[in-house]
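One structure below.
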Amino acid sequence: MEWLVRPLHEAGFRVVALDHHGNNYVDGYEPEGFLHVWERPRDVSFALDTLAREQLLGPVGVAGFSLGGYTSAALAGARIDPQNLRAVLTGTIPLPVIPEFPSALEALRKKYPLDESSRRVLDAAAADLSDPRVRAVFQVAPGVGSLVTPESLASVRVPVGIRWGGADTVNPYGIDTKPYLEHIPTASGGSAGPNVRHDDFFAPEPADPTVRVRVGKEAAAFFQQHLG
């Protein structure tokens, strides 16, 4: 995430990047780290609580790529539809292949059979995870757009900036980005390029080597405008 951290830091912001438990190179992979996505906003609020005990927080903005795009929106009020989530867990709605963890859904089902315990999981997923300290959100190629409720997106009141790749097949615009852009009343955004793929934001050899630089600068300008 250096492409996003650097321009924010250079713009004068204090920046914290999170390694979410169960989905990072240090601790390894757990299925919850990929599929219990609602734990991610709670991680951010926990980090903010910790920082607030050490020093005063200024205006808070949250930026996120891919699942981080959902995370940032959830902190502004986006909520998962438990019925849609259950359809994914049961296989009624197919889960796209996760390259880093292809067997994630199978591993999750072994830990959480579809019984009473899974019902508690679904309730947790649908909870309100908004954090009143968050005053602006910037999403890059956001995921989980098909699982959030339009009603919750309509309740978002903070400014939301969105960028996506026109050739993104991991989080396609029509499935994952469009719901955020259409239903969040404060959202605005644009394509980062017609040939930009999802992995161009982290691949060693992106199709468009300028995309990360451009989007990083746009994120910094967005937060300068809305956070001061």
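Scheme for the structure tokens: letters A, B, ... for chains in order shown; per-chain residue numbers from 1; ligand numbers from 1 in order shown.
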Subject >> All residues 7 Å or closer to Asp81 in chain A, only C-alpha atoms, same chain fewer than 4 positions away omitted, as a list of chain:residue names >> reply: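 The residues that qualify are A:Leu85, A:Ala126, A:Leu147, A:Val148, A:Thr149.
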**OP:** Write out as number ranges by chain each polymer residue whose atoms come within 8 Å of Val196 in chain A, counting only C-alpha atoms; drop sequence neighbours fewer than 4 positions from it.
**Re:** A: 165-168, 192, 200, 207-208, 211
Those residues you just picked out, can you put them in a file as a PDB file, in the first residue's frame with C-alpha atoms?
```
ATOM      1  CA  GLY A 165     -10.301  -0.106 -12.991  1.00  0.00           C
ATOM      2  CA  GLY A 166     -12.181  -0.539 -16.232  1.00  0.00           C
ATOM      3  CA  ALA A 167     -10.677  -4.011 -16.745  1.00  0.00           C
ATOM      4  CA  ASP A 168     -11.118  -5.188 -13.147  1.00  0.00           C
ATOM      5  CA  ALA A 192      -8.789   4.968 -13.222  1.00  0.00           C
ATOM      6  CA  ASP A 200      -2.411  -3.218 -11.366  1.00  0.00           C
ATOM      7  CA  ALA A 207      -0.529  -2.672 -17.348  1.00  0.00           C
ATOM      8  CA  ASP A 208      -0.560   1.060 -16.595  1.00  0.00           C
ATOM      9  CA  VAL A 211      -2.240   4.316 -12.198  1.00  0.00           C
TER      10      VAL A 211
END
```
Original post:
Residues at most 12 Å from Ala124 in chain A, counting only C-alpha atoms, excluding those fewer than 6 positions away in the same chain, as a ChimeraX atom specification?
Top reply: /A:36-39,41-42,79-82,85,117-118
Could you please take those selected residues and save C-alpha atoms as a CSV table (one decimal), in the first residue's frame?
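selection10.csv was written with the following content:
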```csv
chain,number,residue,atom,x,y,z
A,36,HIS,CA,-15.4,-12.4,7.9
A,37,VAL,CA,-15.0,-9.0,6.3
A,38,TRP,CA,-17.1,-7.2,8.9
A,39,GLU,CA,-14.2,-7.8,11.4
A,41,PRO,CA,-14.0,-2.1,10.3
A,42,ARG,CA,-13.8,-3.2,14.0
A,79,ARG,CA,-24.0,-2.8,6.3
A,80,ILE,CA,-24.0,-6.3,4.9
A,81,ASP,CA,-27.3,-8.0,4.0
A,82,PRO,CA,-27.3,-11.2,6.1
A,85,LEU,CA,-24.1,-13.4,2.9
A,117,SER,CA,-23.3,-20.6,15.5
A,118,SER,CA,-23.5,-19.4,11.9
```
Test item: residues at most 8 Å from Ala63 in chain A, only C-alpha atoms, excluding those fewer than 6 positions along its chain, as a PDB file with N, CA and C atoms, in the first residue's frame:
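The resulting file, around-v2.pdb, is shown below:
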```pdb
ATOM      1  N   GLY A  69     -11.896  -1.243   0.574  1.00  0.00           N
ATOM      2  CA  GLY A  69     -12.927  -0.320   0.117  1.00  0.00           C
ATOM      3  C   GLY A  69     -14.225  -0.548   0.856  1.00  0.00           C
ATOM      4  N   SER A  72     -13.795   0.748   4.532  1.00  0.00           N
ATOM      5  CA  SER A  72     -13.955   2.191   4.698  1.00  0.00           C
ATOM      6  C   SER A  72     -15.419   2.593   4.636  1.00  0.00           C
ATOM      7  N   VAL A 137     -14.165   9.222   3.269  1.00  0.00           N
ATOM      8  CA  VAL A 137     -13.826   7.865   2.832  1.00  0.00           C
ATOM      9  C   VAL A 137     -13.363   7.909   1.383  1.00  0.00           C
ATOM     10  N   PHE A 138     -12.302   7.143   1.086  1.00  0.00           N
ATOM     11  CA  PHE A 138     -11.819   7.027  -0.296  1.00  0.00           C
ATOM     12  C   PHE A 138     -11.668   5.551  -0.615  1.00  0.00           C
ATOM     13  N   GLN A 139     -12.409   5.077  -1.627  1.00  0.00           N
ATOM     14  CA  GLN A 139     -12.406   3.669  -2.013  1.00  0.00           C
ATOM     15  C   GLN A 139     -11.663   3.482  -3.336  1.00  0.00           C
ATOM     16  N   VAL A 140     -10.835   2.435  -3.386  1.00  0.00           N
ATOM     17  CA  VAL A 140     -10.141   2.081  -4.622  1.00  0.00           C
ATOM     18  C   VAL A 140     -10.501   0.639  -4.966  1.00  0.00           C
ATOM     19  N   ALA A 219      -6.241  10.585  -4.027  1.00  0.00           N
ATOM     20  CA  ALA A 219      -6.678  10.317  -2.650  1.00  0.00           C
ATOM     21  C   ALA A 219      -6.208  11.419  -1.715  1.00  0.00           C
TER      22      ALA A 219
END
```
**OP:** May I have the residues within 9 Å of range 48-60 of chain A as a list in words, using only C-alpha atoms and disregarding those fewer than 3 positions away in the same chain?
**Re:**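 Near neighbours after the sequence-gap exclusion: Asp43, Val44, Ser45, Arg133, Val134, Arg135, Ala136, Leu227 and Gly228 of chain A.
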Subject >> Secondary structure check, helix (DSSP H, G or I) residues of range 121-208 of chain A, as a ChimeraX atom specification >> reply: /A:121-125,150-154,173-183,198-201
**OP:** Rank A:Pro31, A:Pro185, A:Gly61, A:Pro194 by their smallest atom-to-atom distance to Arg14 in chain A, using only C-alpha atoms, and report the top residue only.
**Re:**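 That would be A:Gly61, the residue with the smallest distance to Arg14 in chain A.
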Subject >> Contacts of Phe101 in chain A within 12 Å, only C-alpha atoms, excl. fewer than 5 positions in-chain, as JSON, numbers by chain >> reply: {"A": [22, 23, 24, 28, 29, 30, 31, 32, 33, 34, 35, 96, 106, 107, 108]}
How would the residues just picked look written out with N, CA and C atoms as a PDB file, in the first residue's frame?
```
ATOM      1  N   GLY A  22      -5.209 -12.865  10.138  1.00  0.00           N
ATOM      2  CA  GLY A  22      -5.688 -13.922   9.264  1.00  0.00           C
ATOM      3  C   GLY A  22      -5.587 -13.620   7.788  1.00  0.00           C
ATOM      4  N   ASN A  23      -5.056 -12.436   7.455  1.00  0.00           N
ATOM      5  CA  ASN A  23      -4.940 -12.062   6.049  1.00  0.00           C
ATOM      6  C   ASN A  23      -3.763 -11.113   5.879  1.00  0.00           C
ATOM      7  N   ASN A  24      -2.579 -11.603   6.208  1.00  0.00           N
ATOM      8  CA  ASN A  24      -1.370 -10.811   5.995  1.00  0.00           C
ATOM      9  C   ASN A  24      -0.167 -11.740   5.905  1.00  0.00           C
ATOM     10  N   GLY A  28       0.118 -15.144   8.419  1.00  0.00           N
ATOM     11  CA  GLY A  28      -0.467 -16.209   7.621  1.00  0.00           C
ATOM     12  C   GLY A  28      -1.960 -16.029   7.414  1.00  0.00           C
ATOM     13  N   TYR A  29      -2.586 -17.041   6.851  1.00  0.00           N
ATOM     14  CA  TYR A  29      -3.972 -16.942   6.420  1.00  0.00           C
ATOM     15  C   TYR A  29      -4.910 -17.796   7.275  1.00  0.00           C
ATOM     16  N   GLU A  30      -6.068 -17.241   7.559  1.00  0.00           N
ATOM     17  CA  GLU A  30      -7.184 -17.954   8.170  1.00  0.00           C
ATOM     18  C   GLU A  30      -8.421 -17.615   7.340  1.00  0.00           C
ATOM     19  N   PRO A  31      -9.379 -18.533   7.232  1.00  0.00           N
ATOM     20  CA  PRO A  31     -10.534 -18.236   6.369  1.00  0.00           C
ATOM     21  C   PRO A  31     -11.312 -17.009   6.825  1.00  0.00           C
ATOM     22  N   GLU A  32     -11.381 -16.782   8.147  1.00  0.00           N
ATOM     23  CA  GLU A  32     -12.092 -15.595   8.631  1.00  0.00           C
ATOM     24  C   GLU A  32     -11.444 -14.308   8.123  1.00  0.00           C
ATOM     25  N   GLY A  33     -10.132 -14.347   7.933  1.00  0.00           N
ATOM     26  CA  GLY A  33      -9.433 -13.161   7.464  1.00  0.00           C
ATOM     27  C   GLY A  33      -9.850 -12.718   6.081  1.00  0.00           C
ATOM     28  N   PHE A  34     -10.386 -13.666   5.302  1.00  0.00           N
ATOM     29  CA  PHE A  34     -10.838 -13.357   3.948  1.00  0.00           C
ATOM     30  C   PHE A  34     -12.358 -13.221   3.856  1.00  0.00           C
ATOM     31  N   LEU A  35     -13.092 -13.939   4.722  1.00  0.00           N
ATOM     32  CA  LEU A  35     -14.538 -14.020   4.552  1.00  0.00           C
ATOM     33  C   LEU A  35     -15.334 -13.352   5.666  1.00  0.00           C
ATOM     34  N   PRO A  96     -16.418 -15.814  -5.867  1.00  0.00           N
ATOM     35  CA  PRO A  96     -15.286 -15.758  -6.807  1.00  0.00           C
ATOM     36  C   PRO A  96     -14.041 -16.396  -6.196  1.00  0.00           C
ATOM     37  N   GLU A 106     -14.372 -23.462   1.961  1.00  0.00           N
ATOM     38  CA  GLU A 106     -14.394 -24.813   2.523  1.00  0.00           C
ATOM     39  C   GLU A 106     -13.833 -24.830   3.939  1.00  0.00           C
ATOM     40  N   ALA A 107     -12.729 -24.121   4.139  1.00  0.00           N
ATOM     41  CA  ALA A 107     -12.115 -24.064   5.468  1.00  0.00           C
ATOM     42  C   ALA A 107     -13.040 -23.363   6.460  1.00  0.00           C
ATOM     43  N   LEU A 108     -13.751 -22.330   5.996  1.00  0.00           N
ATOM     44  CA  LEU A 108     -14.665 -21.612   6.885  1.00  0.00           C
ATOM     45  C   LEU A 108     -15.842 -22.499   7.293  1.00  0.00           C
TER      46      LEU A 108
END
```
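When only C-alpha atoms are used to compute distances to Thr186 in chain A, the closest of the residues A:Ala87, A:Gly161, A:Ala17, A:Arg120 turns out to be A:Gly161.
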